[in-house]
file query_35.cif (mmCIF, C-alpha atoms and all ligand atoms)
data_structure
#
loop_
_atom_site.label_atom_id
_atom_site.label_comp_id
_atom_site.auth_asym_id
_atom_site.auth_seq_id
_atom_site.Cartn_x
_atom_site.Cartn_y
_atom_site.Cartn_z
CA MET A 499 113.36 24.51 -46.13
CA MET A 500 116.02 27.00 -47.16
CA ARG A 501 116.91 29.27 -44.27
CA LEU A 502 117.60 32.80 -45.48
CA ARG A 503 118.82 35.10 -42.77
CA THR A 504 117.52 38.67 -42.54
CA ARG A 505 118.99 41.41 -40.40
CA ILE A 506 116.47 43.66 -38.63
CA GLY A 507 118.19 46.21 -36.39
CA SER A 508 120.44 44.18 -34.12
CA TRP A 509 118.35 41.02 -34.53
CA THR A 510 119.11 38.23 -36.91
CA LEU A 511 115.95 36.36 -37.74
CA LEU A 512 114.96 33.50 -39.93
CA PRO A 513 112.30 35.05 -42.20
CA TRP A 514 109.92 32.09 -41.93
CA VAL A 515 110.13 32.21 -38.14
CA ALA A 516 109.46 35.95 -38.12
CA PHE A 517 106.44 35.36 -40.35
CA ALA A 518 105.15 32.51 -38.22
CA GLU A 519 105.37 34.66 -35.08
CA THR A 520 102.98 37.23 -36.51
CA GLU A 521 100.55 34.90 -38.24
CA LYS A 522 97.42 34.03 -36.30
CA PRO A 523 97.26 30.32 -35.61
CA ASN A 524 94.16 28.30 -36.29
CA ILE A 525 92.77 26.93 -33.04
CA ILE A 526 90.87 23.66 -32.73
CA PHE A 527 89.37 22.96 -29.33
CA ILE A 528 88.02 19.48 -28.71
CA MET A 529 86.11 18.60 -25.55
CA ALA A 530 84.95 15.14 -24.53
CA ASP A 531 81.92 14.66 -22.30
CA ASP A 532 82.29 12.85 -18.96
CA LEU A 533 85.75 11.51 -19.82
CA GLY A 534 87.65 10.90 -16.57
CA TYR A 535 91.31 11.46 -15.77
CA GLY A 536 92.08 7.80 -16.55
CA GLY A 537 90.04 7.64 -19.76
CA LEU A 538 92.80 7.82 -22.42
CA SER A 539 95.69 5.41 -22.92
CA CYS A 540 98.18 8.26 -22.46
CA TYR A 541 96.61 8.86 -19.03
CA GLY A 542 96.82 5.20 -18.04
CA SER A 543 93.78 3.46 -19.54
CA LYS A 544 94.44 -0.22 -20.25
CA THR A 545 91.09 -0.84 -21.90
CA THR A 546 90.72 2.09 -24.29
CA LYS A 547 93.16 2.73 -27.13
CA THR A 548 93.55 6.35 -28.16
CA PRO A 549 96.62 6.52 -30.44
CA HIS A 550 95.78 9.88 -32.00
CA LEU A 551 95.26 11.75 -28.73
CA ASP A 552 98.29 9.93 -27.31
CA LYS A 553 100.37 11.30 -30.17
CA LEU A 554 99.13 14.85 -29.55
CA ALA A 555 100.21 14.41 -25.92
CA SER A 556 103.61 12.88 -26.74
CA THR A 557 104.40 15.60 -29.29
CA GLY A 558 102.88 18.43 -27.25
CA VAL A 559 102.15 19.31 -23.63
CA LYS A 560 100.30 16.84 -21.44
CA CYS A 561 98.76 18.52 -18.41
CA LEU A 562 98.69 16.58 -15.17
CA ASP A 563 96.79 19.21 -13.23
CA PHE A 564 94.06 20.27 -15.67
CA HIS A 565 90.57 20.76 -14.23
CA SER A 566 87.07 21.29 -15.46
CA ASN A 567 85.47 24.28 -13.76
CA GLY A 568 82.38 22.25 -12.93
CA ALA A 569 81.77 18.70 -11.80
CA VAL A 570 78.97 18.45 -14.39
CA CYS A 571 78.29 19.59 -17.95
CA SER A 572 76.61 23.04 -18.22
CA PRO A 573 78.69 24.79 -15.52
CA THR A 574 81.99 23.88 -17.19
CA ARG A 575 80.66 25.08 -20.55
CA ALA A 576 79.53 28.39 -19.04
CA ALA A 577 83.04 28.90 -17.61
CA LEU A 578 84.57 28.00 -20.98
CA MET A 579 82.37 30.52 -22.76
CA THR A 580 82.84 33.38 -20.29
CA GLY A 581 86.38 32.92 -18.92
CA ARG A 582 84.86 33.35 -15.46
CA TYR A 583 83.52 31.17 -12.69
CA GLN A 584 80.23 29.83 -14.03
CA GLN A 585 78.29 31.01 -10.99
CA ARG A 586 78.81 34.61 -12.14
CA SER A 587 76.71 33.98 -15.26
CA GLY A 588 74.08 32.08 -13.27
CA VAL A 589 74.96 28.60 -14.56
CA GLY A 590 76.07 26.99 -11.31
CA GLY A 591 74.09 23.84 -12.12
CA VAL A 592 72.94 21.73 -15.06
CA ILE A 593 70.48 23.25 -17.52
CA THR A 594 68.23 20.21 -17.40
CA ALA A 595 66.06 18.88 -20.20
CA LYS A 596 63.17 18.58 -17.76
CA SER A 597 63.17 21.77 -15.72
CA HIS A 598 65.16 24.43 -17.56
CA ARG A 599 63.79 24.48 -21.08
CA ASN A 600 63.28 28.25 -21.11
CA THR A 601 66.61 29.47 -19.83
CA GLY A 602 70.24 29.58 -20.92
CA LEU A 603 73.57 31.38 -20.74
CA PRO A 604 72.56 35.08 -20.70
CA LEU A 605 73.06 36.75 -24.08
CA LYS A 606 74.70 39.75 -22.39
CA GLU A 607 77.76 37.60 -21.56
CA TRP A 608 80.92 38.26 -23.62
CA THR A 609 81.70 34.79 -24.87
CA LEU A 610 84.66 32.86 -26.21
CA GLY A 611 83.00 32.84 -29.64
CA GLU A 612 82.50 36.61 -29.56
CA ALA A 613 86.07 37.16 -28.38
CA MET A 614 87.59 35.09 -31.20
CA LYS A 615 85.35 36.74 -33.78
CA GLU A 616 86.39 40.15 -32.48
CA PHE A 617 90.04 39.14 -32.95
CA GLY A 618 89.51 38.13 -36.57
CA TYR A 619 88.62 34.45 -36.49
CA ALA A 620 86.04 32.48 -38.47
CA THR A 621 84.21 30.59 -35.71
CA ALA A 622 82.20 27.38 -35.49
CA LEU A 623 80.88 25.09 -32.79
CA PHE A 624 79.88 21.54 -33.65
CA GLY A 625 78.36 19.10 -31.19
CA LYS A 626 76.97 19.69 -27.71
CA TRP A 627 75.97 23.16 -26.50
CA HIS A 628 73.99 22.60 -23.27
CA LEU A 629 73.74 26.31 -22.55
CA GLY A 630 70.08 26.88 -23.41
CA TYR A 631 67.21 25.20 -25.30
CA PRO A 632 65.34 28.12 -26.93
CA ALA A 633 66.69 29.24 -30.34
CA LYS A 634 67.59 32.66 -28.93
CA PHE A 635 70.32 31.04 -26.79
CA ASN A 636 71.81 29.16 -29.76
CA PRO A 637 75.60 29.36 -30.29
CA ILE A 638 75.10 31.50 -33.43
CA HIS A 639 73.79 34.21 -31.10
CA GLN A 640 76.86 33.86 -28.85
CA GLY A 641 79.62 34.50 -31.38
CA PHE A 642 79.77 31.35 -33.49
CA ASP A 643 79.32 31.76 -37.25
CA GLU A 644 78.27 28.15 -37.59
CA PHE A 645 76.57 25.59 -35.36
CA GLU A 646 75.51 22.04 -36.00
CA GLY A 647 74.74 19.77 -33.12
CA PHE A 648 72.47 19.44 -30.10
CA VAL A 649 71.56 21.82 -27.31
CA SER A 650 70.63 19.36 -24.55
CA GLY A 651 72.93 17.35 -22.30
CA ASN A 652 72.82 14.21 -24.42
CA VAL A 653 70.97 12.70 -27.37
CA ASP A 654 70.42 9.23 -28.77
CA TYR A 655 73.59 8.87 -30.86
CA HIS A 656 71.58 7.66 -33.86
CA ARG A 657 68.10 9.17 -33.47
CA HIS A 658 69.14 12.57 -32.05
CA ILE A 659 66.42 12.66 -29.38
CA ASP A 660 67.09 14.04 -25.90
CA GLN A 661 66.28 12.23 -22.66
CA GLU A 662 62.92 13.96 -22.27
CA GLY A 663 61.83 12.82 -25.74
CA TYR A 664 62.46 16.02 -27.75
CA PHE A 665 64.13 15.88 -31.16
CA ASP A 666 67.42 17.72 -30.74
CA TRP A 667 69.65 18.25 -33.79
CA TRP A 668 70.18 21.73 -35.16
CA LYS A 669 71.73 23.50 -38.12
CA GLN A 670 72.28 27.07 -37.00
CA ASP A 671 69.28 28.01 -34.86
CA LYS A 672 66.77 25.77 -36.64
CA LYS A 673 66.02 22.13 -35.95
CA ALA A 674 67.19 20.03 -38.90
CA ASP A 675 68.17 16.41 -38.99
CA GLU A 676 71.41 15.12 -40.42
CA PRO A 677 71.37 11.32 -40.36
CA GLY A 678 74.30 9.57 -38.74
CA TYR A 679 76.18 8.65 -35.57
CA ILE A 680 76.80 11.91 -33.76
CA THR A 681 80.54 11.47 -33.10
CA ASP A 682 81.07 10.94 -36.83
CA LEU A 683 78.79 13.86 -37.72
CA ILE A 684 80.82 16.19 -35.50
CA THR A 685 84.06 15.02 -37.15
CA GLU A 686 82.58 15.36 -40.67
CA ASP A 687 81.35 18.88 -39.92
CA ALA A 688 84.83 19.76 -38.66
CA LEU A 689 86.55 18.41 -41.79
CA SER A 690 84.16 20.36 -44.04
CA PHE A 691 84.71 23.56 -42.04
CA ILE A 692 88.51 23.22 -42.25
CA ASP A 693 88.25 22.74 -46.02
CA ARG A 694 86.03 25.80 -46.42
CA LYS A 695 87.99 28.10 -44.09
CA LYS A 696 91.54 27.05 -44.87
CA GLU A 697 92.47 30.45 -46.30
CA LYS A 698 91.78 32.39 -43.09
CA PRO A 699 92.38 31.90 -39.37
CA PHE A 700 89.67 29.73 -37.89
CA PHE A 701 88.52 28.86 -34.40
CA LEU A 702 86.82 25.50 -34.39
CA VAL A 703 85.12 24.09 -31.30
CA LEU A 704 84.18 20.42 -31.23
CA HIS A 705 82.07 19.39 -28.27
CA HIS A 706 81.69 15.65 -28.47
CA GLY A 707 78.80 13.86 -26.79
CA ALA A 708 81.08 10.87 -26.20
CA PRO A 709 81.37 9.12 -23.85
CA HIS A 710 78.31 10.52 -22.01
CA TYR A 711 75.31 8.16 -21.82
CA PRO A 712 73.39 6.73 -23.65
CA LEU A 713 76.01 4.07 -24.21
CA GLN A 714 75.89 3.56 -27.98
CA ASP A 715 78.55 2.89 -30.57
CA ARG A 716 78.13 2.85 -34.34
CA GLU A 717 76.44 -0.56 -34.31
CA SER A 718 74.15 -0.02 -31.30
CA PRO A 719 70.47 0.40 -32.12
CA GLY A 720 68.70 3.73 -31.66
CA PHE A 721 66.15 3.42 -28.85
CA ARG A 722 64.70 6.79 -27.83
CA VAL A 723 61.34 7.87 -29.27
CA ILE A 724 59.82 11.31 -29.63
CA GLY A 725 57.52 12.28 -26.80
CA LYS A 726 58.80 9.72 -24.32
CA GLY A 727 61.51 10.30 -21.71
CA ASN A 728 64.26 7.67 -21.67
CA ARG A 729 67.81 8.01 -20.39
CA ASP A 730 69.70 4.88 -21.36
CA GLN A 731 69.28 1.42 -22.77
CA PRO A 732 68.37 -1.38 -20.34
CA LYS A 733 71.63 -2.39 -18.66
CA GLN A 734 71.35 -6.08 -19.47
CA LYS A 735 71.30 -5.31 -23.21
CA VAL A 736 74.67 -3.61 -23.35
CA ASP A 737 78.26 -4.62 -22.61
CA ARG A 738 78.75 -1.20 -21.09
CA LYS A 739 82.52 -1.27 -20.62
CA ALA A 740 83.14 -2.41 -24.21
CA VAL A 741 80.74 0.12 -25.74
CA TYR A 742 82.13 2.90 -23.55
CA SER A 743 85.69 2.20 -24.77
CA LYS A 744 84.48 2.06 -28.36
CA MET A 745 82.80 5.45 -28.00
CA VAL A 746 86.08 7.02 -26.87
CA GLU A 747 88.00 5.23 -29.61
CA ILE A 748 85.62 6.53 -32.32
CA MET A 749 86.18 10.06 -31.00
CA ASP A 750 89.95 9.45 -31.12
CA GLU A 751 89.64 8.18 -34.69
CA GLY A 752 87.96 11.52 -35.54
CA VAL A 753 90.87 13.41 -33.98
CA GLY A 754 93.19 11.40 -36.25
CA ARG A 755 91.15 12.34 -39.33
CA ILE A 756 91.33 16.02 -38.39
CA VAL A 757 95.10 15.91 -37.90
CA SER A 758 95.48 14.17 -41.31
CA LYS A 759 93.34 16.85 -42.95
CA LEU A 760 95.50 19.60 -41.45
CA GLU A 761 98.66 17.87 -42.65
CA LYS A 762 97.22 17.43 -46.15
CA LEU A 763 96.36 21.14 -46.34
CA ASP A 764 99.75 22.11 -44.89
CA LEU A 765 98.02 23.76 -41.92
CA ARG A 766 99.33 21.58 -39.11
CA LYS A 767 102.26 23.79 -38.10
CA ASN A 768 100.02 26.79 -37.75
CA THR A 769 97.25 25.07 -35.84
CA LEU A 770 96.97 24.76 -32.09
CA ILE A 771 94.96 21.72 -31.01
CA VAL A 772 93.65 21.54 -27.47
CA PHE A 773 91.80 18.61 -25.92
CA CYS A 774 90.10 18.20 -22.52
CA SER A 775 87.00 16.84 -20.82
CA ASP A 776 84.10 18.77 -19.27
CA ASN A 777 84.06 16.86 -15.97
CA GLY A 778 85.06 13.60 -14.33
CA PRO A 779 83.76 10.17 -15.26
CA ALA A 780 80.31 8.65 -14.91
CA PRO A 781 80.34 5.17 -13.29
CA ASP A 782 81.37 3.46 -16.55
CA GLY A 783 84.50 5.58 -16.91
CA SER A 784 87.79 5.85 -15.02
CA SER A 785 89.10 8.56 -12.72
CA GLY A 786 92.57 7.00 -12.93
CA GLY A 787 92.53 6.27 -9.19
CA LEU A 788 91.43 9.75 -8.10
CA ARG A 789 88.79 9.93 -5.39
CA GLY A 790 85.26 10.66 -6.56
CA ARG A 791 83.64 11.09 -9.95
CA LYS A 792 81.27 13.28 -11.94
CA GLY A 793 79.09 15.38 -9.66
CA GLN A 794 81.62 15.56 -6.81
CA VAL A 795 84.27 18.11 -5.89
CA PHE A 796 86.90 15.51 -5.05
CA GLU A 797 89.65 15.39 -7.71
CA GLY A 798 87.89 12.61 -9.63
CA GLY A 799 85.01 14.99 -10.31
CA HIS A 800 87.08 17.69 -11.98
CA ARG A 801 90.71 16.71 -12.66
CA VAL A 802 90.60 15.60 -16.30
CA PRO A 803 92.94 15.04 -19.27
CA GLY A 804 94.26 18.26 -20.83
CA ILE A 805 96.46 18.29 -23.94
CA PHE A 806 97.90 21.27 -25.85
CA ASN A 807 99.72 20.70 -29.15
CA TRP A 808 101.21 23.38 -31.40
CA PRO A 809 104.25 22.17 -33.37
CA GLY A 810 107.25 24.43 -32.98
CA ARG A 811 105.48 26.83 -30.65
CA LEU A 812 104.76 24.74 -27.58
CA PRO A 813 107.17 22.21 -26.04
CA LYS A 814 107.22 18.71 -27.43
CA GLY A 815 106.66 15.77 -25.09
CA GLU A 816 106.57 17.80 -21.86
CA VAL A 817 104.20 17.61 -18.94
CA CYS A 818 102.68 20.68 -17.29
CA GLN A 819 102.12 20.60 -13.52
CA THR A 820 100.49 24.01 -13.13
CA PRO A 821 96.79 23.91 -12.24
CA ILE A 822 94.82 24.97 -15.32
CA LEU A 823 91.03 25.35 -15.41
CA THR A 824 88.51 25.52 -18.25
CA MET A 825 88.00 29.24 -17.58
CA ASP A 826 91.66 29.85 -18.52
CA LEU A 827 91.06 28.82 -22.12
CA LEU A 828 89.36 32.05 -23.22
CA PRO A 829 92.25 34.34 -22.20
CA THR A 830 94.79 31.76 -23.40
CA PHE A 831 93.21 31.40 -26.86
CA VAL A 832 92.89 35.16 -27.25
CA SER A 833 96.53 35.59 -26.29
CA MET A 834 97.67 32.84 -28.67
CA GLY A 835 95.67 34.59 -31.40
CA GLY A 836 97.56 37.83 -30.73
CA GLY A 837 94.65 39.62 -29.03
CA GLU A 838 94.48 41.52 -25.77
CA ILE A 839 91.56 41.49 -23.38
CA GLU A 840 90.33 44.77 -21.95
CA PRO A 841 90.68 44.93 -18.13
CA LYS A 842 86.99 45.83 -17.83
CA ARG A 843 86.14 42.19 -18.66
CA LYS A 844 87.33 41.11 -15.19
CA LEU A 845 87.96 37.48 -16.06
CA ASP A 846 88.75 34.89 -13.40
CA GLY A 847 90.72 32.78 -15.90
CA ILE A 848 94.32 33.59 -16.80
CA ASP A 849 96.56 33.22 -19.85
CA VAL A 850 98.51 30.01 -19.19
CA ILE A 851 100.92 30.07 -22.16
CA LYS A 852 103.94 30.59 -19.89
CA ALA A 853 102.96 27.58 -17.79
CA LEU A 854 102.58 25.47 -20.93
CA LYS A 855 106.08 26.54 -21.93
CA GLY A 856 107.50 25.35 -18.62
CA ALA A 857 107.36 28.37 -16.29
CA THR A 858 106.10 27.97 -12.75
CA ILE A 859 103.01 30.06 -12.14
CA THR A 860 101.66 30.78 -8.68
CA ARG A 861 97.90 30.98 -8.79
CA LYS A 862 95.32 32.63 -6.63
CA PRO A 863 93.14 30.17 -4.67
CA LEU A 864 90.84 28.11 -6.89
CA PHE A 865 87.27 26.99 -6.21
CA TRP A 866 84.82 24.29 -7.24
CA LYS A 867 81.19 24.13 -6.13
CA HIS A 868 78.58 21.52 -6.81
CA GLY A 869 75.28 21.67 -4.95
CA GLY A 870 76.17 22.12 -1.28
CA SER A 871 79.71 20.81 -1.71
CA LEU A 872 82.63 23.19 -2.03
CA ALA A 873 86.34 22.71 -2.69
CA VAL A 874 89.01 25.34 -2.10
CA ARG A 875 92.55 24.88 -3.36
CA ASP A 876 95.49 27.02 -2.41
CA GLY A 877 98.80 25.70 -3.71
CA ASP A 878 99.04 22.06 -2.67
CA TRP A 879 96.32 22.34 -0.03
CA LYS A 880 92.75 21.43 -0.83
CA LEU A 881 89.76 21.71 1.46
CA VAL A 882 86.66 19.70 0.56
CA VAL A 883 83.46 20.61 2.37
CA THR A 884 80.60 18.18 1.83
CA VAL A 885 77.10 18.50 3.17
CA GLY A 886 75.30 15.24 3.89
CA LYS A 887 71.75 14.70 5.13
CA LYS A 888 72.71 15.28 8.74
CA LYS A 889 76.19 16.68 8.90
CA LYS A 890 78.70 18.96 7.27
CA GLN A 891 82.18 17.55 6.84
CA ALA A 892 85.45 19.38 6.13
CA LEU A 893 88.35 17.32 4.77
CA LEU A 894 91.85 18.65 4.15
CA PHE A 895 94.35 17.12 1.73
CA ASN A 896 97.85 17.87 0.56
CA LEU A 897 97.67 17.17 -3.17
CA ALA A 898 101.45 17.18 -3.67
CA LYS A 899 101.70 14.08 -1.48
CA ASP A 900 98.18 12.72 -1.77
CA ARG A 901 96.58 13.37 -5.15
CA ASN A 902 94.01 10.64 -4.49
CA GLU A 903 92.72 12.43 -1.36
CA VAL A 904 93.07 9.50 1.00
CA ASN A 905 94.66 11.15 4.06
CA ASN A 906 92.45 13.72 5.74
CA LEU A 907 94.72 16.19 7.56
CA SER A 908 92.00 18.47 8.94
CA THR A 909 92.63 17.69 12.62
CA LYS A 910 96.39 18.13 12.16
CA HIS A 911 96.08 21.55 10.48
CA PRO A 912 92.95 23.27 11.84
CA GLU A 913 94.43 26.69 11.02
CA ILE A 914 94.59 25.81 7.30
CA VAL A 915 91.02 24.47 7.46
CA GLY A 916 89.93 27.77 9.01
CA ARG A 917 91.74 29.90 6.44
CA LEU A 918 90.45 27.97 3.42
CA SER A 919 86.91 27.81 4.85
CA LEU A 920 86.86 31.57 5.11
CA LEU A 921 88.17 31.96 1.56
CA GLY A 922 85.41 29.61 0.37
CA GLU A 923 82.67 31.54 2.14
CA GLN A 924 83.92 34.83 0.70
CA TRP A 925 84.14 33.34 -2.79
CA VAL A 926 80.57 32.00 -2.69
CA LYS A 927 79.30 35.46 -1.71
CA ASP A 928 81.37 37.06 -4.47
CA VAL A 929 80.30 34.85 -7.40
CA THR A 930 76.70 33.84 -6.66
CA VAL A 931 73.88 35.51 -8.61
CA ASP A 932 70.18 34.70 -8.57
CA SER A 933 69.35 32.34 -11.41
CA PRO A 934 67.05 29.42 -12.23
CA VAL A 935 70.11 27.15 -12.59
CA SER A 936 72.21 28.39 -9.67
CA GLN A 937 73.63 25.86 -7.27
CA CA B 1 79.72 16.19 -18.92
#
call {"tool": "encode", "arguments": {"input": "query_35.cif", "output": "structure tokens", "more": "lines below"}}
Ligand SMILES: [Ca+2]
result
Amino acid sequence: MMRLRTRIGSWTLLPWVAFAETEKPNIIFIMADDLGYGGLSCYGSKTTKTPHLDKLASTGVKCLDFHSNGAVCSPTRAALMTGRYQQRSGVGGVITAKSHRNTGLPLKEWTLGEAMKEFGYATALFGKWHLGYPAKFNPIHQGFDEFEGFVSGNVDYHRHIDQEGYFDWWKQDKKADEPGYITDLITEDALSFIDRKKEKPFFLVLHHGAPHYPLQDRESPGFRVIGKGNRDQPKQKVDRKAVYSKMVEIMDEGVGRIVSKLEKLDLRKNTLIVFCSDNGPAPDGSSGGLRGRKGQVFEGGHRVPGIFNWPGRLPKGEVCQTPILTMDLLPTFVSMGGGEIEPKRKLDGIDVIKALKGATITRKPLFWKHGGSLAVRDGDWKLVVTVGKKKKQALLFNLAKDRNEVNNLSTKHPEIVGRLSLLGEQWVKDVTVDSPVSQ
């Protein structure tokens, strides 16, 4: 490209750089479901090959301290949508297919979709919603121009039936089938959206079902039937590890197709791509050696892969060691899109652009809660309080030296246990609201 220099006041700028600085980037946010910290090859997996996500990490910023807000699905999604701890919007637990069919993320919440629309973006969400079953809670009523996907926690990848036996595939806020394997459908919907919206800034959210159960790849048979509850295929019928890897690899293949589309349309340089998971792994996945898994507040339950890639605007091939949570994405995306959030919104999440560019950010204490278990993190210290059938246990770890939470230091540092316990109690009081899905 020819570089013509322009003088503005005392500044000498390259015109194309000056233009790029003021142009809103497209933002594509991709979230996997139940993918643990060790689930991608760039995070150490030896059994799953993810070349396209690996390339986004090696040419962008790979986060080593990225966390889902929740240890399970709906809570993390509520935090993503609101930029606040999920307990504040009453989604402290899973919106279950069995017991919560009439509730959802309250419509009064100011959501990520609404924020991006307000700041001039065309918005779409394809894939899993899990923030309310009734049509009134559909993503199109929470700021997304377009929605295709499912509203429950998981569907049969071929038959699109949830685990309680309800058909669950939607186009906007109406049930409508679209035959196909859901990971491919989500990718196809994304490619079509990019084609249709290429002339204006777009905000595209892809919430994959993969690799959440049921364990099914493209060749696996559909098995759920309408009107009959059924979680997964009989274990003896499936090579679970092989199918699990394949599910992640198909998702990665879709990421590759999206990157190719952006390159073909000459949109890649002006598109930020972000990837993460919504919680730690189920038993078939990998936490990469971290203690615990999905449903727990040990690191394995919430430390997940996190990748940010924006050519020329974010560092290339760097790692980020600042703790980043799902709730930080709303303020970060708004900031990257050139918007400013009014102070009255009182978000818990923060804009993490500086951290992604290499600055050290000191954060306020961070909290995770699942059922009766609570984790409090302040700097390198993490307190994990678990409540068993008979006893309450408080464990203290220093994550800088012991990321896998092996050495309990609670008896050595009772004063830190006391301080973090108090912070945890105050936080629970601050964020908890009455709700059918509070935990
Ligand atoms: Ca999940």
call {"tool": "closest_residue", "arguments": {"input": "query_35.cif", "among": "A:Pro829, A:Pro604, A:Pro779, A:Pro813", "to": "ligand CA 1 (chain B)", "atoms": "all atoms listed in the file"}}
result
A:Pro779
call {"tool": "residues_near_ligand", "arguments": {"input": "query_35.cif", "ligand": "ligand CA 1 (chain B)", "cutoff": "7 Å", "atoms": "all atoms listed in the file", "output": "PyMOL selection string"}}
result
chain A and resi 531-532+570-571+710+776-777
call {"tool": "atom_distance", "arguments": {"input": "query_35.cif", "atom1": "CA of Ile771 (chain A)", "atom2": "CA of Lys844 (chain A)"}}
result
26.2 Å
call {"tool": "closest_atom_pairs", "arguments": {"input": "query_35.cif", "of": "region 689-718 of chain A", "to": "region 735-741 of chain A", "cutoff": "7 Å", "atoms": "all atoms listed in the file", "output": "tab-separated table"}}
result
residue	atom	partner	partner_atom	distance
A:Leu713	CA	A:Val741	CA	6.3
A:Gln714	CA	A:Val741	CA	6.4
A:Asp715	CA	A:Val741	CA	6.0
call {"tool": "atom_distance", "arguments": {"input": "query_35.cif", "atom1": "CA of Ala595 (chain A)", "atom2": "CA of Tyr631 (chain A)"}}
result
8.2 Å
call {"tool": "closest_residue", "arguments": {"input": "query_35.cif", "among": "A:Val802, A:Leu920, A:Ile839, A:Leu702", "to": "Ile684 (chain A)", "atoms": "only C-alpha atoms"}}
result
A:Leu702
call {"tool": "atom_distance", "arguments": {"input": "query_35.cif", "atom1": "CA of Gly815 (chain A)", "atom2": "CA of Thr858 (chain A)"}}
result
17.4 Å
call {"tool": "closest_residue", "arguments": {"input": "query_35.cif", "among": "A:Leu760, A:Val703, A:Leu827, A:Val882", "to": "Pro637 (chain A)", "atoms": "only C-alpha atoms"}}
result
A:Val703
call {"tool": "closest_residue", "arguments": {"input": "query_35.cif", "among": "A:Ser566, A:Thr824, A:Ser556, A:Thr830", "to": "Ile525 (chain A)", "atoms": "only C-alpha atoms"}}
result
A:Thr830
call {"tool": "residues_near_point", "arguments": {"input": "query_35.cif", "point": "(85.1, 16.8, -20.3)", "cutoff": "10 Å", "atoms": "all atoms listed in the file", "output": "PyMOL selection string"}}
result
chain A and resi 528-535+565-571+574-575+705-710+773-779+792+800-804+824
call {"tool": "residues_near_point", "arguments": {"input": "query_35.cif", "point": "(100.0, 17.7, -12.3)", "cutoff": "10 Å", "atoms": "all atoms listed in the file", "output": "MDAnalysis selection string"}}
result
chainID A and resid 560:564 801 817:822 897:898 901
